[in-house]
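This report concerns only the one structure given below.
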Amino acid sequence: MHGRYSGGIMKAKFIFITGGVVSSLGKGITAASIGLLLKSRGVKVVNQKFDPYLNIDPGTMNPYQHGEVFVTVDGGETDLDLGHYERFTDVPLHRFNNTTAGKVYLSILDRERSGGYQGNTVQVIPHVTDEIKSRILKTGEETGADVVITEVGGTVGDIESLPFIEAIRQIKYTVGKDNCIFIHLGLLPYLKECGELKTKPMQHSVKELLGFGIQPDIIMCRSEKPLTKSIREKLGLFCNVGQNAIIENLSAKSIYEVPLMLENEGLGKTLCSLLDLPNSEPDLADWKEMVRRYYHPEKEITIALVGKYVELHDAYLSVAEALTAGGIHHSARVKIDWIDSERITDLDKAEELLGKAAGIIVPGGFGDRGTAGMMVAARYARENKVPYFGICLGMQIAVIEFARNVLSLADANSSEFNQQTPHPVIDLMPDQQGVKLGGTLRLGEFRCVLAEGSKAEKAYRLHDIVERHRHRYEFNNLYRDSFEQSEMALTGRNPERNLVEIVELPAHPWFVGVQFHPEFASRPNKPHPLFRDFVGAAVEKSAKAKA
């Protein structure tokens, strides 16, 4: 559609998604699914997330608090839901697609300190709500999207969410009621004792939203059981919505089935009707084929993920999804064995914990806790010809292990872990000396030139690539000559700053470490080349073991 319909220029329309009853119902997956359903109809979409917490971004938050930090193309450290948005819609997002209350208040206070309010009293209304509204409208203007889909974090009634709720209420009168709709996602609990779905919690949640001046246009019901006709009638009566605007959102075996389920419920058609969009036939063939392949694998392999935050799987969400995508490509179900790196104390323990894995992956992280176990895992993979994929910290671990055990650089380390190490093969970049935490990492997309004939070049089928980064420490170029004369090849280089981006073991079946984060660019129906080939190598190893 390219922003036009009915002969006129389409201004951005807005969809707001709120949550009620309880948290963690899947607003992010719902928002991503809506993006996919509209995009499949030729509508240009963009997703954004509002988080009510006061942190500027999740960049300095403990992964156990917040899960993974998703990095945008321009280096924004954002909520993990933006990863869902990108994987579903394949629309690259930017730092402005995630707004926190911290960003809102910081902007207001900076403006107040510089005299921007000309001595007036600064208040929640209108100043905070105006700042939020300006960010909503800016997303539409910056991206040229036909539809901006905004997820409001938290649950209706949370104190910290109130300015955001008031701001989206006002937006409807700013852009016009035909250009803005509200979707309320809530839980319908199922009581086994009486065998019934209960609507009362949802009714109270909608009533609370009505108290803030927002009438939902669509009620989305998360439930374990299908909605009956009587349940729909009751919800429609007490929540003031038509039957076609009550959407069943059942739990699915895979998050990637959710958009197909919602399409079958008529959500796409209802959205087009409410927003006066042309309801063309959605092109979901590729997505359906991906889901079919996911549900009907021809084989199964185990990948050992060796990390320090494995108790919370969301800390490695994009890595897990990228492994799944690689498996789908090879018609294989990837079973992830989550291994706490602190459990790997020596090679015997590595054999016990990793011996049945077809591949080993060491993802990113910060700090020295658990790194000793990661090094043992990297050594085990190197010596036993097990496919190994090191990402960011995982690449640095591979370099340190190789320096110690192959190059005989005793006590080689990263200066992040030991500032007194005699061989800092991983070191702080000169321009990072003395900087504070928070938005000061090497963030966002950077170029990487690949060596001819390398595994990386074969995977990408390109010589010059761009990938997203999030780190502060780098391969120390003082040791470049030592490595170049060894069995470890330096196969990727950032040309602007002459930084090592990729290391490989050419004689190994598949041993690759990358300084960047390829998982952020992987899609379920278009796996990242490195994840695709890593899983492929693991599939091949598994097949040989069974032969």
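Ligands are numbered from 1 in the order shown, residues from 1 within each chain, and chains are lettered A, B, ... in the order they appear in the structure tokens.
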How close does segment 459-537 of chain A get to segment 85-98 of chain A? List, as JSON lines, each residue of segment 459-537 of chain A within 10 Å, its nearest atom pair and the distance in Å to one decimal, counting only C-alpha atoms.
```
{"residue": "A:Phe520", "atom": "CA", "partner": "A:Glu86", "partner_atom": "CA", "distance": 8.5}
{"residue": "A:Ala521", "atom": "CA", "partner": "A:Arg87", "partner_atom": "CA", "distance": 8.1}
{"residue": "A:Ser522", "atom": "CA", "partner": "A:Arg87", "partner_atom": "CA", "distance": 7.1}
{"residue": "A:Arg523", "atom": "CA", "partner": "A:Arg87", "partner_atom": "CA", "distance": 4.9}
{"residue": "A:Pro524", "atom": "CA", "partner": "A:Arg87", "partner_atom": "CA", "distance": 6.7}
{"residue": "A:Asn525", "atom": "CA", "partner": "A:Arg87", "partner_atom": "CA", "distance": 8.7}
{"residue": "A:Lys526", "atom": "CA", "partner": "A:Arg87", "partner_atom": "CA", "distance": 9.2}
{"residue": "A:Pro527", "atom": "CA", "partner": "A:Arg87", "partner_atom": "CA", "distance": 10.0}
```
Note to self: Please list as a ChimeraX atom specification every residue within 7 Å of Gly364 of chain A, counting only C-alpha atoms and excluding residues in the same chain fewer than 3 positions away.
What the structure shows: /A:391-394
Atoms kept (C-alpha atoms) for selection, written as an mmCIF file, in the first residue's frame:
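Final file, result_37.cif:
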```cif
data_model
loop_
_atom_site.group_PDB
_atom_site.id
_atom_site.type_symbol
_atom_site.label_atom_id
_atom_site.label_comp_id
_atom_site.auth_asym_id
_atom_site.auth_seq_id
_atom_site.Cartn_x
_atom_site.Cartn_y
_atom_site.Cartn_z
ATOM 1 C CA ILE A 391 28.739 -15.084 20.908
ATOM 2 C CA CYS A 392 30.325 -11.901 22.316
ATOM 3 C CA LEU A 393 31.565 -13.193 25.692
ATOM 4 C CA GLY A 394 31.551 -16.679 24.151
#
```
Next item on the list: Excluding Ser273 of chain A and any residue of its chain fewer than 2 positions from it, enumerate the residues within 12 Å of it, using only C-alpha atoms, and give them as a ChimeraX atom specification.
Entry: /A:38,178-181,217-218,244-245,266-271,275-280
Would you write out those residues with N, CA, C and O atoms, as a PDB file, in the first residue's frame?
```
ATOM      1  N   LEU A  38      -1.310  -7.423   9.942  1.00  0.00           N
ATOM      2  CA  LEU A  38      -1.506  -6.224   9.122  1.00  0.00           C
ATOM      3  C   LEU A  38      -0.472  -6.152   8.000  1.00  0.00           C
ATOM      4  O   LEU A  38      -0.805  -5.818   6.863  1.00  0.00           O
ATOM      5  N   ASP A 178     -11.556   7.539  14.422  1.00  0.00           N
ATOM      6  CA  ASP A 178     -11.444   6.541  13.357  1.00  0.00           C
ATOM      7  C   ASP A 178     -10.002   6.116  13.102  1.00  0.00           C
ATOM      8  O   ASP A 178      -9.757   5.211  12.301  1.00  0.00           O
ATOM      9  N   ASN A 179      -9.063   6.782  13.753  1.00  0.00           N
ATOM     10  CA  ASN A 179      -7.645   6.483  13.532  1.00  0.00           C
ATOM     11  C   ASN A 179      -6.964   5.891  14.758  1.00  0.00           C
ATOM     12  O   ASN A 179      -5.745   5.834  14.823  1.00  0.00           O
ATOM     13  N   CYS A 180      -7.763   5.431  15.719  1.00  0.00           N
ATOM     14  CA  CYS A 180      -7.188   4.945  16.969  1.00  0.00           C
ATOM     15  C   CYS A 180      -8.113   3.910  17.586  1.00  0.00           C
ATOM     16  O   CYS A 180      -9.319   4.136  17.702  1.00  0.00           O
ATOM     17  N   ILE A 181      -7.562   2.766  17.954  1.00  0.00           N
ATOM     18  CA  ILE A 181      -8.364   1.760  18.648  1.00  0.00           C
ATOM     19  C   ILE A 181      -7.591   1.231  19.857  1.00  0.00           C
ATOM     20  O   ILE A 181      -6.367   1.279  19.912  1.00  0.00           O
ATOM     21  N   ASP A 217     -12.019  -1.240  22.264  1.00  0.00           N
ATOM     22  CA  ASP A 217     -12.703  -1.582  21.024  1.00  0.00           C
ATOM     23  C   ASP A 217     -12.684  -3.090  20.791  1.00  0.00           C
ATOM     24  O   ASP A 217     -13.573  -3.631  20.120  1.00  0.00           O
ATOM     25  N   ILE A 218     -11.649  -3.742  21.329  1.00  0.00           N
ATOM     26  CA  ILE A 218     -11.507  -5.191  21.217  1.00  0.00           C
ATOM     27  C   ILE A 218     -11.129  -5.746  22.586  1.00  0.00           C
ATOM     28  O   ILE A 218     -10.271  -5.205  23.271  1.00  0.00           O
ATOM     29  N   ASN A 244     -18.021  -9.715  17.399  1.00  0.00           N
ATOM     30  CA  ASN A 244     -16.850  -9.890  16.528  1.00  0.00           C
ATOM     31  C   ASN A 244     -15.599  -9.233  17.094  1.00  0.00           C
ATOM     32  O   ASN A 244     -14.501  -9.427  16.572  1.00  0.00           O
ATOM     33  N   ALA A 245     -15.768  -8.462  18.165  1.00  0.00           N
ATOM     34  CA  ALA A 245     -14.629  -7.790  18.796  1.00  0.00           C
ATOM     35  C   ALA A 245     -14.181  -8.489  20.070  1.00  0.00           C
ATOM     36  O   ALA A 245     -13.354  -7.967  20.808  1.00  0.00           O
ATOM     37  N   GLY A 266     -10.602 -14.061  13.337  1.00  0.00           N
ATOM     38  CA  GLY A 266     -11.128 -12.893  12.652  1.00  0.00           C
ATOM     39  C   GLY A 266     -10.523 -11.582  13.089  1.00  0.00           C
ATOM     40  O   GLY A 266     -11.056 -10.507  12.756  1.00  0.00           O
ATOM     41  N   LEU A 267      -9.393 -11.620  13.810  1.00  0.00           N
ATOM     42  CA  LEU A 267      -8.803 -10.379  14.319  1.00  0.00           C
ATOM     43  C   LEU A 267      -8.367  -9.459  13.185  1.00  0.00           C
ATOM     44  O   LEU A 267      -8.619  -8.248  13.239  1.00  0.00           O
ATOM     45  N   GLY A 268      -7.713 -10.005  12.158  1.00  0.00           N
ATOM     46  CA  GLY A 268      -7.246  -9.170  11.053  1.00  0.00           C
ATOM     47  C   GLY A 268      -8.385  -8.420  10.389  1.00  0.00           C
ATOM     48  O   GLY A 268      -8.287  -7.205  10.129  1.00  0.00           O
ATOM     49  N   LYS A 269      -9.464  -9.127  10.130  1.00  0.00           N
ATOM     50  CA  LYS A 269     -10.643  -8.514   9.495  1.00  0.00           C
ATOM     51  C   LYS A 269     -11.248  -7.432  10.393  1.00  0.00           C
ATOM     52  O   LYS A 269     -11.614  -6.347   9.920  1.00  0.00           O
ATOM     53  N   THR A 270     -11.319  -7.716  11.691  1.00  0.00           N
ATOM     54  CA  THR A 270     -11.888  -6.752  12.631  1.00  0.00           C
ATOM     55  C   THR A 270     -11.035  -5.498  12.722  1.00  0.00           C
ATOM     56  O   THR A 270     -11.553  -4.366  12.744  1.00  0.00           O
ATOM     57  N   LEU A 271      -9.715  -5.662  12.749  1.00  0.00           N
ATOM     58  CA  LEU A 271      -8.813  -4.509  12.795  1.00  0.00           C
ATOM     59  C   LEU A 271      -8.992  -3.630  11.562  1.00  0.00           C
ATOM     60  O   LEU A 271      -9.054  -2.396  11.671  1.00  0.00           O
ATOM     61  N   LEU A 275     -10.354   0.283  11.688  1.00  0.00           N
ATOM     62  CA  LEU A 275      -9.428   1.340  11.277  1.00  0.00           C
ATOM     63  C   LEU A 275      -9.667   1.800   9.844  1.00  0.00           C
ATOM     64  O   LEU A 275      -8.905   2.616   9.322  1.00  0.00           O
ATOM     65  N   ASP A 276     -10.703   1.293   9.220  1.00  0.00           N
ATOM     66  CA  ASP A 276     -11.035   1.656   7.844  1.00  0.00           C
ATOM     67  C   ASP A 276      -9.840   1.397   6.916  1.00  0.00           C
ATOM     68  O   ASP A 276      -9.441   2.252   6.120  1.00  0.00           O
ATOM     69  N   LEU A 277      -9.288   0.186   7.030  1.00  0.00           N
ATOM     70  CA  LEU A 277      -8.200  -0.251   6.169  1.00  0.00           C
ATOM     71  C   LEU A 277      -8.740  -1.262   5.167  1.00  0.00           C
ATOM     72  O   LEU A 277      -9.656  -2.028   5.479  1.00  0.00           O
ATOM     73  N   PRO A 278      -8.193  -1.299   3.963  1.00  0.00           N
ATOM     74  CA  PRO A 278      -8.623  -2.316   2.993  1.00  0.00           C
ATOM     75  C   PRO A 278      -8.309  -3.709   3.527  1.00  0.00           C
ATOM     76  O   PRO A 278      -7.174  -3.986   3.937  1.00  0.00           O
ATOM     77  N   ASN A 279      -9.284  -4.591   3.546  1.00  0.00           N
ATOM     78  CA  ASN A 279      -9.095  -5.937   4.074  1.00  0.00           C
ATOM     79  C   ASN A 279      -8.749  -6.891   2.945  1.00  0.00           C
ATOM     80  O   ASN A 279      -9.573  -7.696   2.505  1.00  0.00           O
ATOM     81  N   SER A 280      -7.524  -6.793   2.439  1.00  0.00           N
ATOM     82  CA  SER A 280      -7.091  -7.699   1.382  1.00  0.00           C
ATOM     83  C   SER A 280      -6.766  -9.064   1.979  1.00  0.00           C
ATOM     84  O   SER A 280      -6.621  -9.216   3.192  1.00  0.00           O
TER      85      SER A 280
END
```
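Nearest residue to Leu54 of chain A, choosing from A:Phe14, A:Phe516, A:Tyr105, A:Phe70 and counting only C-alpha atoms: A:Tyr105.
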Next item on the list: Extract, using only C-alpha atoms, all DNA, RNA and protein residues at most 7 Å from Gly154 of chain A, discarding same-chain residues fewer than 3 positions from it, and format them as a list in words.
Entry: Gly19, Ser23, Asp158 and Ser161 of chain A
Next item on the list: Would you mind writing down, as a PyMOL selection string, each residue of segment 292-373 of chain A that DSSP on the backbone assigns to helix (DSSP H, G or I)?
Entry: chain A and resi 292-295+313-329+341-343+347-354+371-373
Saved selection, atoms kept: N, CA and C atoms, as an mmCIF file, in the first residue's frame:
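Produced file part04.cif, reproduced below:
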```cif
data_model
loop_
_atom_site.group_PDB
_atom_site.id
_atom_site.type_symbol
_atom_site.label_atom_id
_atom_site.label_comp_id
_atom_site.auth_asym_id
_atom_site.auth_seq_id
_atom_site.Cartn_x
_atom_site.Cartn_y
_atom_site.Cartn_z
ATOM 1 N N ARG A 292 4.382 -25.224 10.163
ATOM 2 C CA ARG A 292 4.225 -26.650 9.835
ATOM 3 C C ARG A 292 5.537 -27.391 10.046
ATOM 4 N N ARG A 293 6.636 -26.801 9.575
ATOM 5 C CA ARG A 293 7.944 -27.435 9.722
ATOM 6 C C ARG A 293 8.344 -27.530 11.192
ATOM 7 N N TYR A 294 7.960 -26.525 11.969
ATOM 8 C CA TYR A 294 8.267 -26.554 13.394
ATOM 9 C C TYR A 294 7.543 -27.715 14.083
ATOM 10 N N TYR A 295 6.277 -27.911 13.732
ATOM 11 C CA TYR A 295 5.484 -28.954 14.386
ATOM 12 C C TYR A 295 5.786 -30.361 13.867
ATOM 13 N N HIS A 313 15.358 -18.379 31.481
ATOM 14 C CA HIS A 313 15.584 -18.603 30.060
ATOM 15 C C HIS A 313 15.399 -17.341 29.229
ATOM 16 N N ASP A 314 14.579 -16.404 29.720
ATOM 17 C CA ASP A 314 14.376 -15.152 28.983
ATOM 18 C C ASP A 314 15.654 -14.323 28.880
ATOM 19 N N ALA A 315 16.650 -14.623 29.716
ATOM 20 C CA ALA A 315 17.919 -13.903 29.636
ATOM 21 C C ALA A 315 18.627 -14.190 28.315
ATOM 22 N N TYR A 316 18.281 -15.308 27.691
ATOM 23 C CA TYR A 316 18.875 -15.696 26.400
ATOM 24 C C TYR A 316 17.776 -15.928 25.362
ATOM 25 N N LEU A 317 16.741 -15.105 25.415
ATOM 26 C CA LEU A 317 15.555 -15.343 24.583
ATOM 27 C C LEU A 317 15.869 -15.359 23.092
ATOM 28 N N SER A 318 16.575 -14.349 22.601
ATOM 29 C CA SER A 318 16.846 -14.279 21.158
ATOM 30 C C SER A 318 17.755 -15.419 20.702
ATOM 31 N N VAL A 319 18.696 -15.837 21.561
ATOM 32 C CA VAL A 319 19.563 -16.963 21.234
ATOM 33 C C VAL A 319 18.730 -18.234 21.081
ATOM 34 N N ALA A 320 17.819 -18.456 22.037
ATOM 35 C CA ALA A 320 16.966 -19.643 21.977
ATOM 36 C C ALA A 320 16.102 -19.641 20.723
ATOM 37 N N GLU A 321 15.529 -18.485 20.387
ATOM 38 C CA GLU A 321 14.683 -18.401 19.206
ATOM 39 C C GLU A 321 15.492 -18.581 17.918
ATOM 40 N N ALA A 322 16.727 -18.081 17.916
ATOM 41 C CA ALA A 322 17.582 -18.244 16.742
ATOM 42 C C ALA A 322 17.970 -19.704 16.554
ATOM 43 N N LEU A 323 18.200 -20.429 17.649
ATOM 44 C CA LEU A 323 18.470 -21.866 17.557
ATOM 45 C C LEU A 323 17.253 -22.605 17.023
ATOM 46 N N THR A 324 16.072 -22.217 17.486
ATOM 47 C CA THR A 324 14.838 -22.830 16.991
ATOM 48 C C THR A 324 14.686 -22.589 15.493
ATOM 49 N N ALA A 325 14.977 -21.364 15.057
ATOM 50 C CA ALA A 325 14.881 -21.032 13.635
ATOM 51 C C ALA A 325 15.858 -21.861 12.817
ATOM 52 N N GLY A 326 17.082 -22.041 13.335
ATOM 53 C CA GLY A 326 18.044 -22.886 12.647
ATOM 54 C C GLY A 326 17.551 -24.314 12.537
ATOM 55 N N GLY A 327 16.912 -24.789 13.597
ATOM 56 C CA GLY A 327 16.345 -26.136 13.572
ATOM 57 C C GLY A 327 15.238 -26.279 12.549
ATOM 58 N N ILE A 328 14.358 -25.281 12.473
ATOM 59 C CA ILE A 328 13.265 -25.317 11.494
ATOM 60 C C ILE A 328 13.824 -25.437 10.086
ATOM 61 N N HIS A 329 14.882 -24.684 9.805
ATOM 62 C CA HIS A 329 15.495 -24.729 8.475
ATOM 63 C C HIS A 329 15.963 -26.136 8.118
ATOM 64 N N SER A 341 27.223 -22.610 33.826
ATOM 65 C CA SER A 341 28.664 -22.749 33.591
ATOM 66 C C SER A 341 29.445 -23.008 34.883
ATOM 67 N N GLU A 342 28.917 -22.599 36.024
ATOM 68 C CA GLU A 342 29.632 -22.826 37.286
ATOM 69 C C GLU A 342 29.672 -24.306 37.668
ATOM 70 N N ARG A 343 28.847 -25.119 37.017
ATOM 71 C CA ARG A 343 28.844 -26.563 37.290
ATOM 72 C C ARG A 343 29.981 -27.273 36.559
ATOM 73 N N LEU A 347 37.396 -31.025 32.842
ATOM 74 C CA LEU A 347 37.040 -31.731 31.605
ATOM 75 C C LEU A 347 36.198 -32.969 31.870
ATOM 76 N N ASP A 348 36.412 -33.634 32.995
ATOM 77 C CA ASP A 348 35.577 -34.794 33.330
ATOM 78 C C ASP A 348 34.127 -34.370 33.539
ATOM 79 N N LYS A 349 33.937 -33.243 34.229
ATOM 80 C CA LYS A 349 32.575 -32.729 34.433
ATOM 81 C C LYS A 349 31.988 -32.264 33.105
ATOM 82 N N ALA A 350 32.834 -31.693 32.242
ATOM 83 C CA ALA A 350 32.365 -31.277 30.919
ATOM 84 C C ALA A 350 31.866 -32.475 30.133
ATOM 85 N N GLU A 351 32.596 -33.585 30.208
ATOM 86 C CA GLU A 351 32.167 -34.806 29.508
ATOM 87 C C GLU A 351 30.820 -35.275 30.039
ATOM 88 N N GLU A 352 30.647 -35.192 31.347
ATOM 89 C CA GLU A 352 29.382 -35.614 31.960
ATOM 90 C C GLU A 352 28.217 -34.730 31.513
ATOM 91 N N LEU A 353 28.443 -33.414 31.493
ATOM 92 C CA LEU A 353 27.352 -32.475 31.204
ATOM 93 C C LEU A 353 27.163 -32.195 29.717
ATOM 94 N N LEU A 354 28.239 -32.302 28.939
ATOM 95 C CA LEU A 354 28.186 -31.898 27.534
ATOM 96 C C LEU A 354 28.328 -33.062 26.564
ATOM 97 N N THR A 371 32.933 -17.799 34.224
ATOM 98 C CA THR A 371 33.749 -17.831 33.009
ATOM 99 C C THR A 371 34.728 -19.001 33.005
ATOM 100 N N ALA A 372 35.167 -19.458 34.177
ATOM 101 C CA ALA A 372 36.073 -20.610 34.221
ATOM 102 C C ALA A 372 35.406 -21.835 33.612
ATOM 103 N N GLY A 373 34.138 -22.047 33.937
ATOM 104 C CA GLY A 373 33.401 -23.175 33.377
ATOM 105 C C GLY A 373 33.180 -23.033 31.881
#
```
Any idea what's packed within 10 Å of segment 460-466 of chain A, counting only C-alpha atoms, ignoring anything in its chain fewer than 2 positions away? Could you give it as a short mmCIF file (atom, residue, chain, number, x, y, z; two decimals) with C-alpha atoms, in the first residue's frame?
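Writing done, so here's result-v6.cif:
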```cif
data_model
loop_
_atom_site.label_atom_id
_atom_site.label_comp_id
_atom_site.auth_asym_id
_atom_site.auth_seq_id
_atom_site.Cartn_x
_atom_site.Cartn_y
_atom_site.Cartn_z
CA VAL A 73 20.01 -1.29 14.74
CA GLY A 444 24.38 -0.97 17.35
CA GLU A 445 25.37 -1.93 13.83
CA PHE A 446 28.99 -2.02 12.66
CA ARG A 447 30.63 -3.37 9.51
CA CYS A 448 32.64 -6.56 9.34
CA VAL A 449 34.75 -7.72 6.39
CA LEU A 450 34.99 -11.51 6.07
CA ALA A 451 38.03 -13.52 5.04
CA GLU A 452 37.68 -15.42 1.78
CA GLY A 453 36.99 -19.11 2.24
CA SER A 454 36.10 -18.76 5.91
CA LYS A 455 33.13 -20.52 7.48
CA ALA A 456 31.59 -17.10 8.09
CA GLU A 457 31.87 -16.09 4.43
CA LYS A 458 30.40 -19.42 3.33
CA ARG A 468 24.64 -5.49 15.97
CA HIS A 469 27.02 -5.16 18.90
CA GLY A 492 36.26 -11.10 10.50
CA ARG A 493 37.49 -7.52 10.87
CA ASN A 494 35.86 -4.16 11.42
CA PRO A 495 37.56 -2.02 8.73
CA PHE A 516 28.64 -9.28 17.72
CA PRO A 518 23.72 -12.37 15.36
CA HIS A 528 20.54 -16.09 10.68
CA PRO A 529 23.25 -17.66 8.45
CA LEU A 530 25.57 -18.45 11.36
CA ASP A 533 25.12 -23.39 9.73
#
```
Checklist line | Non-local contacts of Ser205 of chain A (8 Å; only C-alpha atoms; under 4 positions in same chain excluded) as a ChimeraX atom specification | finding: /A:20-21,156,186,201,209
Same residues, all heavy atoms, output as a PDB file, in the first residue's frame:
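part.pdb was written with the following content:
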```pdb
ATOM      1  N   GLY A  20      -4.748  -6.555  31.546  1.00  0.00           N
ATOM      2  CA  GLY A  20      -5.522  -6.523  32.776  1.00  0.00           C
ATOM      3  C   GLY A  20      -5.577  -7.871  33.470  1.00  0.00           C
ATOM      4  O   GLY A  20      -5.197  -8.890  32.914  1.00  0.00           O
ATOM      5  N   VAL A  21      -6.032  -7.858  34.693  1.00  0.00           N
ATOM      6  CA  VAL A  21      -6.229  -9.001  35.592  1.00  0.00           C
ATOM      7  C   VAL A  21      -4.897  -9.445  36.197  1.00  0.00           C
ATOM      8  O   VAL A  21      -4.687  -9.360  37.402  1.00  0.00           O
ATOM      9  CB  VAL A  21      -6.933 -10.196  34.901  1.00  0.00           C
ATOM     10  CG1 VAL A  21      -7.182 -11.307  35.942  1.00  0.00           C
ATOM     11  CG2 VAL A  21      -8.244  -9.762  34.257  1.00  0.00           C
ATOM     12  N   VAL A 156      -3.323  -2.591  33.923  1.00  0.00           N
ATOM     13  CA  VAL A 156      -4.201  -1.454  34.196  1.00  0.00           C
ATOM     14  C   VAL A 156      -4.475  -1.358  35.699  1.00  0.00           C
ATOM     15  O   VAL A 156      -4.858  -2.341  36.338  1.00  0.00           O
ATOM     16  CB  VAL A 156      -5.531  -1.582  33.420  1.00  0.00           C
ATOM     17  CG1 VAL A 156      -6.531  -0.532  33.906  1.00  0.00           C
ATOM     18  CG2 VAL A 156      -5.276  -1.419  31.938  1.00  0.00           C
ATOM     19  N   GLY A 186      -6.858  -9.559  28.666  1.00  0.00           N
ATOM     20  CA  GLY A 186      -7.016  -9.967  30.056  1.00  0.00           C
ATOM     21  C   GLY A 186      -7.212 -11.465  30.177  1.00  0.00           C
ATOM     22  O   GLY A 186      -7.421 -12.173  29.182  1.00  0.00           O
ATOM     23  N   PRO A 201     -13.280 -11.310  36.579  1.00  0.00           N
ATOM     24  CA  PRO A 201     -12.030 -10.541  36.623  1.00  0.00           C
ATOM     25  C   PRO A 201     -11.851  -9.641  35.403  1.00  0.00           C
ATOM     26  O   PRO A 201     -11.398  -8.501  35.531  1.00  0.00           O
ATOM     27  CB  PRO A 201     -10.942 -11.627  36.689  1.00  0.00           C
ATOM     28  CG  PRO A 201     -11.621 -12.802  37.303  1.00  0.00           C
ATOM     29  CD  PRO A 201     -13.019 -12.756  36.765  1.00  0.00           C
ATOM     30  N   LEU A 209     -10.552   0.266  33.410  1.00  0.00           N
ATOM     31  CA  LEU A 209     -10.097   0.999  32.242  1.00  0.00           C
ATOM     32  C   LEU A 209     -11.113   2.069  31.848  1.00  0.00           C
ATOM     33  O   LEU A 209     -10.740   3.196  31.481  1.00  0.00           O
ATOM     34  CB  LEU A 209      -9.871   0.019  31.079  1.00  0.00           C
ATOM     35  CG  LEU A 209      -9.050   0.507  29.886  1.00  0.00           C
ATOM     36  CD1 LEU A 209      -7.675   0.992  30.314  1.00  0.00           C
ATOM     37  CD2 LEU A 209      -8.920  -0.608  28.845  1.00  0.00           C
TER      38      LEU A 209
END
```
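Across the model, the gap from atom CA of Ala101 of chain A to atom CA of Leu185 of chain A is 21.6 Å.
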Next item on the list: Could you check how far atom CA of Gly367 of chain A sits from atom CA of Met395 of chain A, in Å to one decimal?
Entry: 14.4 Å
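Between Lys234 of chain A and the residues A:Thr199, A:Thr18, A:Gln215, A:Gln420, the shortest atom-to-atom distance, using only C-alpha atoms, involves A:Thr199.
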Item checked: For Phe534 of chain A: contacts at 8 Å, only C-alpha atoms, fewer than 3 positions along chain excluded, given as an NGL selection string -> :A and (326 or 359 or 387-389 or 510 or 530-531 or 537-538)
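In this structure, atom CA of Cys239 of chain A sits 14.4 Å away from atom CA of Phe212 of chain A.
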Check: So which residues of segment 71-278 of chain A fall under strand (DSSP E or B) by DSSP, listed as JSON, numbers by chain?
Finding: {"A": [71, 77, 78, 98, 99, 100, 147, 148, 149, 150, 151, 152, 180, 181, 182, 183, 184, 185, 186, 187, 190, 191, 196, 197, 218, 219, 220, 221, 222, 223, 246, 247, 248, 249, 250]}
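With distances restricted to only C-alpha atoms, A:Asp79 is the closest residue to Thr60 of chain A from A:Cys194, A:Asp79, A:Lys544, A:Lys39.
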